[in-house]
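Below is data.tsv, holding TSV, C-alpha atoms.
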chain	number	residue	atom	x	y	z
A	1	MET	CA	-48.14	60.80	-36.34
A	2	ARG	CA	-45.40	59.92	-33.91
A	3	ALA	CA	-47.92	59.72	-31.05
A	4	THR	CA	-50.09	57.34	-33.11
A	5	GLY	CA	-47.03	55.22	-33.90
A	6	ALA	CA	-46.16	55.03	-30.21
A	7	ALA	CA	-49.76	54.09	-29.39
A	8	VAL	CA	-49.74	51.32	-32.01
A	9	GLU	CA	-46.40	50.11	-30.69
A	10	GLY	CA	-47.73	50.27	-27.13
A	11	ALA	CA	-50.80	48.22	-28.10
A	12	ALA	CA	-48.60	45.63	-29.84
A	13	GLY	CA	-46.35	45.55	-26.78
A	14	SER	CA	-49.24	44.96	-24.40
A	15	ARG	CA	-50.64	42.25	-26.72
A	16	ARG	CA	-47.21	40.58	-26.65
A	17	ALA	CA	-47.16	40.81	-22.84
A	18	GLU	CA	-50.67	39.33	-22.68
A	19	GLY	CA	-49.63	36.52	-25.01
A	20	ALA	CA	-46.53	35.78	-22.92
A	21	ALA	CA	-48.60	35.83	-19.72
A	22	ALA	CA	-51.22	33.50	-21.25
A	23	LEU	CA	-48.48	31.06	-22.30
A	24	ALA	CA	-46.90	31.18	-18.83
A	25	ILE	CA	-50.30	30.58	-17.20
A	26	ALA	CA	-50.97	27.63	-19.53
A	27	GLN	CA	-47.55	26.15	-18.69
A	28	ALA	CA	-48.12	26.69	-14.96
A	29	ARG	CA	-51.52	25.00	-15.28
A	30	ARG	CA	-49.99	22.01	-17.09
A	31	TRP	CA	-47.43	21.68	-14.31
A	32	TYR	CA	-50.26	21.82	-11.76
A	33	TRP	CA	-52.25	19.08	-13.50
A	34	GLN	CA	-49.13	16.93	-13.71
A	35	ARG	CA	-48.61	17.29	-9.96
A	36	ILE	CA	-52.25	16.59	-9.01
A	37	SER	CA	-52.34	13.51	-11.28
A	38	ALA	CA	-49.02	12.36	-9.78
A	39	MET	CA	-50.65	12.37	-6.34
A	40	VAL	CA	-53.52	10.23	-7.65
A	41	LEU	CA	-51.04	7.94	-9.45
A	42	ALA	CA	-48.97	7.45	-6.31
A	43	ILE	CA	-52.00	5.94	-4.55
A	44	CYS	CA	-53.07	4.01	-7.67
A	45	VAL	CA	-49.64	2.44	-8.19
A	46	LEU	CA	-49.50	1.22	-4.57
A	47	ALA	CA	-53.00	-0.28	-4.84
A	48	HIS	CA	-52.07	-1.78	-8.21
A	49	LEU	CA	-48.97	-3.47	-6.74
A	50	ALA	CA	-51.07	-4.81	-3.87
A	51	VAL	CA	-53.60	-6.16	-6.38
A	52	ILE	CA	-50.83	-7.90	-8.33
A	53	LEU	CA	-49.45	-9.56	-5.18
A	54	TYR	CA	-52.97	-10.64	-4.21
A	55	ALA	CA	-53.85	-11.85	-7.70
A	56	VAL	CA	-50.88	-14.22	-8.07
A	57	ARG	CA	-51.37	-15.89	-4.66
A	58	GLY	CA	-52.81	-19.08	-6.08
A	59	GLY	CA	-50.84	-19.08	-9.35
A	60	LEU	CA	-51.56	-16.92	-12.34
A	61	SER	CA	-54.30	-18.05	-14.70
A	62	ALA	CA	-56.49	-15.97	-17.00
A	63	ALA	CA	-59.62	-17.82	-15.89
A	64	GLU	CA	-58.98	-17.07	-12.21
A	65	ILE	CA	-58.30	-13.37	-12.86
A	66	LEU	CA	-61.31	-12.93	-15.15
A	67	GLY	CA	-63.42	-14.73	-12.57
A	68	ARG	CA	-62.55	-12.00	-10.09
A	69	THR	CA	-62.76	-9.02	-12.45
A	70	ARG	CA	-65.86	-9.81	-14.59
A	71	GLY	CA	-68.72	-7.63	-13.43
A	72	ASN	CA	-66.61	-6.14	-10.63
A	73	TRP	CA	-67.56	-2.46	-10.76
A	74	ALA	CA	-65.25	-1.39	-7.94
A	75	PHE	CA	-62.36	-2.86	-9.95
A	76	ALA	CA	-63.61	-1.04	-13.06
A	77	ALA	CA	-63.93	2.29	-11.22
A	78	PHE	CA	-60.46	2.02	-9.68
A	79	TYR	CA	-58.71	1.20	-12.95
A	80	THR	CA	-60.67	3.86	-14.84
A	81	VAL	CA	-59.34	6.45	-12.38
A	82	PHE	CA	-55.85	4.99	-12.84
A	83	VAL	CA	-56.07	5.22	-16.64
A	84	VAL	CA	-57.48	8.76	-16.61
A	85	ALA	CA	-54.79	9.94	-14.16
A	86	SER	CA	-52.13	8.45	-16.45
A	87	ALA	CA	-53.65	10.18	-19.46
A	88	VAL	CA	-53.53	13.51	-17.60
A	89	HIS	CA	-50.00	12.95	-16.33
A	90	VAL	CA	-48.28	11.59	-19.43
A	91	PRO	CA	-48.67	14.46	-21.95
A	92	VAL	CA	-46.93	17.04	-19.75
A	93	GLY	CA	-43.88	14.84	-19.31
A	94	ILE	CA	-43.82	13.81	-22.98
A	95	ALA	CA	-43.97	17.47	-24.04
A	96	ASN	CA	-41.08	18.32	-21.68
A	97	ILE	CA	-38.93	15.42	-22.87
A	98	ALA	CA	-39.65	16.27	-26.53
A	99	ARG	CA	-38.76	19.90	-25.86
A	100	GLU	CA	-35.65	19.37	-23.79
A	101	TRP	CA	-34.07	16.24	-25.24
A	102	ALA	CA	-35.29	16.21	-28.85
A	103	GLY	CA	-35.41	19.97	-29.46
A	104	VAL	CA	-39.07	19.83	-30.54
A	105	GLY	CA	-40.90	23.19	-30.44
A	106	GLU	CA	-43.31	24.22	-27.67
A	107	ARG	CA	-46.50	23.70	-29.69
A	108	ALA	CA	-45.38	20.48	-31.40
A	109	GLY	CA	-44.36	19.04	-28.01
A	110	VAL	CA	-47.76	19.81	-26.51
A	111	TRP	CA	-49.57	18.15	-29.44
A	112	LEU	CA	-47.28	15.14	-29.36
A	113	GLY	CA	-48.07	14.79	-25.65
A	114	ARG	CA	-51.81	14.99	-26.35
A	115	ALA	CA	-51.57	12.32	-29.04
A	116	VAL	CA	-49.73	9.96	-26.67
A	117	ALA	CA	-52.27	10.73	-23.92
A	118	LEU	CA	-55.11	9.81	-26.26
A	119	LEU	CA	-53.36	6.53	-27.04
A	120	VAL	CA	-52.87	5.80	-23.31
A	121	LEU	CA	-56.51	6.65	-22.63
A	122	ALA	CA	-57.86	4.48	-25.48
A	123	MET	CA	-55.66	1.47	-24.76
A	124	GLY	CA	-56.16	1.73	-20.99
A	125	LEU	CA	-59.95	2.00	-21.14
A	126	ARG	CA	-60.08	-0.83	-23.69
A	127	ALA	CA	-58.14	-3.03	-21.26
A	128	VAL	CA	-60.49	-2.12	-18.38
A	129	VAL	CA	-63.55	-2.96	-20.51
A	130	ALA	CA	-61.94	-6.20	-21.65
A	131	VAL	CA	-61.46	-7.60	-18.14
A	132	VAL	CA	-64.66	-6.24	-16.59
A	133	ALA	CA	-67.33	-6.66	-19.27
B	1	MET	CA	2.27	15.53	-1.86
B	2	ALA	CA	3.85	15.59	-5.33
B	3	ASP	CA	6.25	18.44	-6.17
B	4	ALA	CA	4.41	19.47	-9.31
B	5	LEU	CA	0.89	19.54	-10.58
B	6	THR	CA	-0.09	18.91	-14.17
B	7	VAL	CA	-2.79	21.41	-15.12
B	8	ARG	CA	-4.83	21.42	-18.32
B	9	VAL	CA	-6.31	24.87	-18.96
B	10	TRP	CA	-8.87	25.82	-21.61
B	11	ARG	CA	-7.49	28.29	-24.16
B	12	GLY	CA	-9.68	29.99	-26.73
B	13	LYS	CA	-13.33	30.87	-27.02
B	14	ARG	CA	-16.06	28.39	-27.87
B	15	GLU	CA	-13.58	26.75	-30.19
B	16	GLY	CA	-10.27	26.05	-28.57
B	17	GLY	CA	-8.40	23.41	-26.67
B	18	PHE	CA	-6.61	22.54	-23.45
B	19	SER	CA	-3.01	23.58	-22.88
B	20	ARG	CA	-0.86	21.67	-20.41
B	21	TYR	CA	1.24	23.36	-17.70
B	22	GLN	CA	3.44	22.17	-14.82
B	23	VAL	CA	2.79	24.16	-11.65
B	24	PRO	CA	4.73	23.83	-8.37
B	25	ARG	CA	2.60	22.12	-5.73
B	26	LEU	CA	2.31	24.09	-2.47
B	27	ALA	CA	0.61	23.50	0.85
B	28	SER	CA	-2.93	24.93	1.17
B	29	GLN	CA	-2.83	25.87	-2.52
B	30	THR	CA	-6.15	26.92	-4.06
B	31	VAL	CA	-7.22	26.44	-7.67
B	32	LEU	CA	-7.14	30.23	-8.09
B	33	ASP	CA	-3.50	30.19	-6.87
B	34	VAL	CA	-2.76	27.69	-9.65
B	35	VAL	CA	-4.40	29.81	-12.35
B	36	THR	CA	-2.63	32.94	-11.07
B	37	HIS	CA	0.72	31.12	-11.11
B	38	ILE	CA	0.17	30.08	-14.73
B	39	GLN	CA	-0.74	33.62	-15.78
B	40	ARG	CA	2.15	35.30	-13.94
B	41	HIS	CA	4.90	32.80	-14.76
B	42	LEU	CA	3.95	30.59	-17.69
B	43	GLU	CA	1.24	32.12	-19.91
B	44	PRO	CA	0.90	35.92	-19.59
B	45	SER	CA	-1.92	36.00	-22.17
B	46	LEU	CA	-4.19	33.73	-20.10
B	47	SER	CA	-7.49	35.49	-19.32
B	48	TYR	CA	-9.44	34.80	-16.16
B	49	ARG	CA	-11.50	36.76	-13.67
B	50	PHE	CA	-11.15	37.26	-9.94
B	51	ALA	CA	-11.34	40.09	-7.42
B	52	CYS	CA	-11.61	39.41	-3.69
B	53	ARG	CA	-9.86	35.99	-3.32
B	54	VAL	CA	-11.88	35.28	-0.17
B	55	GLY	CA	-15.24	33.99	-1.39
B	56	MET	CA	-17.20	37.22	-1.34
B	57	CYS	CA	-17.30	38.68	-4.83
B	58	GLY	CA	-18.39	35.64	-6.87
B	59	SER	CA	-16.21	36.37	-9.88
B	60	CYS	CA	-13.72	33.49	-9.96
B	61	ALA	CA	-16.02	30.50	-10.63
B	62	MET	CA	-14.69	27.98	-13.17
B	63	THR	CA	-15.18	24.35	-14.12
B	64	VAL	CA	-12.61	22.32	-12.20
B	65	ASN	CA	-12.29	18.65	-13.19
B	66	GLY	CA	-15.77	18.85	-14.71
B	67	VAL	CA	-17.51	20.50	-11.76
B	68	ALA	CA	-18.35	24.21	-11.38
B	69	ARG	CA	-16.66	25.66	-8.28
B	70	TRP	CA	-15.51	28.93	-6.76
B	71	THR	CA	-11.77	28.61	-7.34
B	72	CYS	CA	-10.56	30.97	-4.60
B	73	ARG	CA	-11.92	28.72	-1.86
B	74	THR	CA	-11.33	25.36	-3.48
B	75	HIS	CA	-8.16	23.67	-2.26
B	76	VAL	CA	-6.24	21.73	-4.89
B	77	ALA	CA	-6.01	18.81	-2.44
B	78	LYS	CA	-9.79	18.51	-2.46
B	79	VAL	CA	-10.25	18.30	-6.23
B	80	VAL	CA	-7.03	16.96	-7.76
B	81	GLY	CA	-7.52	13.71	-9.67
B	82	SER	CA	-5.87	10.43	-8.65
B	83	ASN	CA	-3.44	11.00	-11.56
B	84	GLY	CA	-2.34	14.28	-9.95
B	85	GLU	CA	-3.99	16.36	-12.70
B	86	LEU	CA	-6.29	19.34	-12.71
B	87	GLU	CA	-8.49	20.37	-15.63
B	88	ILE	CA	-9.67	23.97	-15.55
B	89	ALA	CA	-12.30	25.23	-17.99
B	90	PRO	CA	-14.70	28.19	-18.15
B	91	LEU	CA	-18.18	27.89	-16.60
B	92	ALA	CA	-20.70	25.94	-18.68
B	93	ASN	CA	-23.96	27.42	-20.04
B	94	LEU	CA	-22.36	30.84	-20.62
B	95	PRO	CA	-20.63	32.24	-23.73
B	96	VAL	CA	-16.85	32.23	-23.39
B	97	ILE	CA	-15.18	35.61	-23.92
B	98	LYS	CA	-11.65	34.20	-23.79
B	99	ASP	CA	-9.98	31.31	-21.96
B	100	LEU	CA	-11.55	31.13	-18.48
B	101	ALA	CA	-13.58	34.36	-18.62
B	102	THR	CA	-17.27	33.98	-19.48
B	103	ASP	CA	-19.83	36.57	-20.54
B	104	MET	CA	-22.16	36.95	-17.53
B	105	ARG	CA	-24.59	39.40	-19.18
B	106	GLU	CA	-27.35	36.90	-19.93
B	107	PHE	CA	-26.99	35.48	-16.41
B	108	PHE	CA	-27.63	38.86	-14.79
B	109	ASP	CA	-30.21	39.98	-17.39
B	110	LYS	CA	-32.26	37.03	-16.19
B	111	TRP	CA	-32.21	38.39	-12.64
B	112	ALA	CA	-33.83	41.53	-14.05
B	113	ARG	CA	-36.33	39.44	-16.07
B	114	GLY	CA	-37.31	37.63	-12.86
B	115	LYS	CA	-38.07	41.05	-11.28
B	116	GLY	CA	-35.08	40.71	-8.99
B	117	ARG	CA	-35.15	44.34	-7.95
B	118	PHE	CA	-36.76	45.56	-4.75
B	119	HIS	CA	-39.64	48.01	-5.08
B	120	GLY	CA	-40.98	49.44	-1.84
B	121	SER	CA	-43.67	52.00	-1.18
B	122	ARG	CA	-42.11	53.94	1.69
B	123	THR	CA	-39.91	57.01	1.37
B	124	ARG	CA	-37.11	58.26	3.56
B	125	HIS	CA	-39.68	60.34	5.43
B	126	ASP	CA	-41.59	57.26	6.60
B	127	ALA	CA	-40.73	55.11	9.57
B	128	PHE	CA	-38.81	51.87	9.06
B	129	ALA	CA	-40.86	48.80	8.24
B	130	THR	CA	-40.88	46.32	11.10
B	131	VAL	CA	-40.16	42.75	10.03
B	132	GLN	CA	-40.00	40.11	12.73
B	133	PRO	CA	-36.76	38.10	12.36
B	134	THR	CA	-38.69	34.95	13.27
B	135	SER	CA	-41.54	35.46	10.77
B	136	PRO	CA	-41.73	32.67	8.13
B	137	GLU	CA	-41.21	35.20	5.31
B	138	ARG	CA	-38.07	36.64	6.88
B	139	VAL	CA	-36.68	33.17	7.60
B	140	ALA	CA	-37.32	32.11	3.98
B	141	ALA	CA	-35.68	35.28	2.63
B	142	ASP	CA	-32.69	34.84	4.97
B	143	ALA	CA	-32.09	31.34	3.62
B	144	GLY	CA	-31.48	32.65	0.10
B	145	ILE	CA	-30.12	36.13	0.57
B	146	GLU	CA	-26.38	35.37	0.84
B	147	CYS	CA	-26.04	34.62	-2.89
B	148	ILE	CA	-22.83	36.14	-4.31
B	149	GLY	CA	-23.87	35.72	-7.97
B	150	CYS	CA	-20.97	33.43	-8.86
B	151	GLY	CA	-22.95	31.49	-11.50
B	152	VAL	CA	-21.97	28.03	-10.19
B	153	CYS	CA	-25.63	26.97	-9.93
B	154	TYR	CA	-26.41	28.31	-13.41
B	155	ALA	CA	-23.48	26.41	-14.92
B	156	SER	CA	-24.54	23.22	-13.09
B	157	CYS	CA	-28.19	23.32	-14.22
B	158	ASP	CA	-29.21	20.89	-16.98
B	159	VAL	CA	-32.48	22.75	-17.56
B	160	VAL	CA	-30.52	25.92	-18.44
B	161	ALA	CA	-28.62	23.85	-21.02
B	162	TRP	CA	-31.85	22.44	-22.48
B	163	ARG	CA	-33.97	25.61	-22.34
B	164	PRO	CA	-31.89	28.73	-22.99
B	165	GLU	CA	-34.85	30.92	-21.95
B	166	PHE	CA	-35.02	29.34	-18.45
B	167	LEU	CA	-34.20	31.99	-15.85
B	168	GLY	CA	-32.00	29.61	-13.87
B	169	PRO	CA	-31.50	28.90	-10.17
B	170	ALA	CA	-29.77	32.14	-9.16
B	171	ALA	CA	-32.37	34.48	-10.68
B	172	LEU	CA	-35.24	32.41	-9.29
B	173	ASN	CA	-33.58	32.30	-5.86
B	174	ARG	CA	-33.38	36.10	-5.98
B	175	SER	CA	-37.07	36.30	-6.96
B	176	TRP	CA	-37.93	33.96	-4.08
B	177	THR	CA	-36.18	36.19	-1.52
B	178	LEU	CA	-38.20	39.16	-2.83
B	179	VAL	CA	-41.47	37.20	-2.90
B	180	ASN	CA	-40.83	36.84	0.83
B	181	ASP	CA	-40.05	40.53	1.30
B	182	VAL	CA	-43.22	41.87	2.91
B	183	ARG	CA	-42.26	45.44	2.00
B	184	ASP	CA	-42.16	44.79	-1.74
B	185	VAL	CA	-45.11	46.04	-3.81
B	186	GLN	CA	-44.43	44.23	-7.12
B	187	GLN	CA	-45.54	40.77	-6.09
B	188	SER	CA	-48.08	40.03	-8.87
B	189	GLU	CA	-45.68	41.20	-11.58
B	190	ARG	CA	-42.93	39.07	-10.08
B	191	LEU	CA	-45.06	35.91	-9.89
B	192	ARG	CA	-46.09	36.49	-13.51
B	193	ALA	CA	-42.43	36.87	-14.48
B	194	VAL	CA	-41.42	33.59	-12.83
B	195	ALA	CA	-44.46	31.54	-13.98
B	196	GLY	CA	-44.25	29.03	-16.81
B	197	ASP	CA	-41.41	27.13	-18.44
B	198	ALA	CA	-39.09	30.12	-18.74
B	199	GLY	CA	-39.54	30.45	-14.98
B	200	CYS	CA	-39.95	28.10	-12.07
B	201	HIS	CA	-42.10	25.43	-13.74
B	202	ALA	CA	-39.34	24.04	-15.96
B	203	CYS	CA	-37.27	23.02	-12.90
B	204	HIS	CA	-37.06	19.22	-12.54
B	205	THR	CA	-35.89	19.43	-8.92
B	206	GLN	CA	-32.65	17.63	-9.81
B	207	GLY	CA	-30.89	19.72	-7.19
B	208	SER	CA	-27.49	20.22	-8.88
B	209	CYS	CA	-27.70	23.92	-7.98
B	210	THR	CA	-28.30	23.11	-4.32
B	211	GLU	CA	-25.54	20.51	-4.25
B	212	ARG	CA	-22.94	22.80	-5.81
B	213	CYS	CA	-23.81	26.21	-4.32
B	214	PRO	CA	-20.67	27.29	-2.45
B	215	LYS	CA	-22.82	29.35	-0.06
B	216	GLN	CA	-25.01	26.36	0.81
B	217	ILE	CA	-28.12	28.05	-0.53
B	218	ALA	CA	-30.93	25.77	-1.74
B	219	PRO	CA	-32.36	27.35	-4.92
B	220	THR	CA	-34.32	24.11	-5.48
B	221	LEU	CA	-36.29	24.84	-2.30
B	222	GLY	CA	-36.96	28.44	-3.36
B	223	ILE	CA	-38.10	27.32	-6.82
B	224	ALA	CA	-40.50	24.81	-5.21
B	225	GLY	CA	-41.81	27.70	-3.11
B	226	LEU	CA	-42.31	29.82	-6.24
B	227	LYS	CA	-44.30	26.98	-7.85
B	228	ARG	CA	-46.64	26.91	-4.84
B	229	ARG	CA	-47.05	30.70	-4.81
B	230	VAL	CA	-47.72	30.83	-8.55
B	231	ALA	CA	-50.31	28.04	-8.24
B	232	ARG	CA	-52.06	29.92	-5.44
B	233	ALA	CA	-52.01	33.18	-7.42
B	234	ALA	CA	-53.32	31.39	-10.53
B	235	VAL	CA	-56.24	29.89	-8.59
B	236	ARG	CA	-57.09	33.35	-7.25
B	237	GLY	CA	-56.84	34.86	-10.76
B	238	GLU	CA	-53.98	37.18	-9.79
B	239	LEU	CA	-51.71	36.24	-12.69
B	240	LYS	CA	-53.62	37.96	-15.51
B	241	PRO	CA	-51.98	41.27	-16.49
Reformat the file's structure so that it appears as structure tokens.
Amino acid sequence: MRATGAAVEGAAGSRRAEGAAALAIAQARRWYWQRISAMVLAICVLAHLAVILYAVRGGLSAAEILGRTRGNWAFAAFYTVFVVASAVHVPVGIANIAREWAGVGERAGVWLGRAVALLVLAMGLRAVVAVVA
Amino acid sequence: MADALTVRVWRGKREGGFSRYQVPRLASQTVLDVVTHIQRHLEPSLSYRFACRVGMCGSCAMTVNGVARWTCRTHVAKVVGSNGELEIAPLANLPVIKDLATDMREFFDKWARGKGRFHGSRTRHDAFATVQPTSPERVAADAGIECIGCGVCYASCDVVAWRPEFLGPAALNRSWTLVNDVRDVQQSERLRAVAGDAGCHACHTQGSCTERCPKQIAPTLGIAGLKRRVARAAVRGELKP
């Protein structure tokens, strides 16, 4: 009986270890995605600033901007990448902030991050469609 | 130099308060000298911890005017406030046993959790392993190996305060030196132990540990190295138990 008990305990222990390892791998992966998206964002932000400087050269009017962006597929592609990179990057940071500053639990933080990412994605893509289409 | 120093010293455990003492000011006086003077002449029941007095043992770290420091090698002249006062408190992020003595158990348990123990494969009957002093691994290990376990980095780390399960800079620095030990045979287990938010990935690279380490070690650099190694191991599928 004792041997069986030890075996059961051993199995539970190894399941716990597997669970802990899976969580650690998921967290490491989230960190990795945050870093990769940060690299993309670094380039996007620089290009975005350049675009802003270029766009306001001759004064800022909606008609002038829409004239440039309507039907411009390169513009659409660039800002779609920008929005997607933001949506990948944001949830990891939100989850960390929720966890560390607001004392939110691990799972709740991750879901909160995902919800905010979805919002960023929806609003960002809507904006891209609005100026291109 | 003023003749006397006003020193506020923490008395109690987690709950407690600062008591005020007047200590004679001396040339080349260290903060540990001040604490020792208080205990020997003014407050015999004051508890604190020290051993070597020369910056080797890592037992005398305290919070001095809000900053974690090794007290035996911190001159009063360097840290005294413009009002001529010193405030001495126990290290942060650790339970206080009494007055200035903290419970270091959790701190060192985390070294064990980060697989901070060497495991080799050779016996005394085998020849010595040859490690080139100029090899990148040896150089990386050398950079972190002089840690005296004083806990200054751990007390200075905001992530430790926010995430009690975070291993902390000292334990991760120890893991990093062993990750670079080519003789060690527990590498996958170690990378698994330091992966995730309890390990290296929670570090925000704020660098308080590196700034305050009295031995000029850069745990931030080691933690960044661990993140890279874990990423590489994860891509290769070496992290699954």
*Closest to Gly93 (chain A) among B:Ala143, B:Val185, B:Ala89, B:Ala202, using only C-alpha atoms?*
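When distances to Gly93 (chain A) are compared using only C-alpha atoms, the smallest one comes from B:Ala202.
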*Any idea what the distance is between CA of Arg11 (chain B) and CA of Glu106 (chain B)?*
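Going from CA of Arg11 (chain B) over to CA of Glu106 (chain B) covers 22.1 Å.
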*When you draw a straight line from CA of Val79 (chain B) to CA of Leu100 (chain B), how long is it in Å?*
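Interatomic distance, CA of Val79 (chain B) to CA of Leu100 (chain B): 17.8 Å.
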*Pull out every residue of chain B sitting within 6 Å of chain A, counting only C-alpha atoms, and send them as a list of chain:residue names.*
B:Trp162, B:Ala195, B:Gly196
*Near Arg69 (chain B), within 10 Å and counting only C-alpha atoms, which residues show up once chain neighbours fewer than 5 positions away are dropped, as an NGL selection string?*
:B and (31 or 60-64 or 74 or 79 or 91 or 150-153 or 155-156 or 212-214)
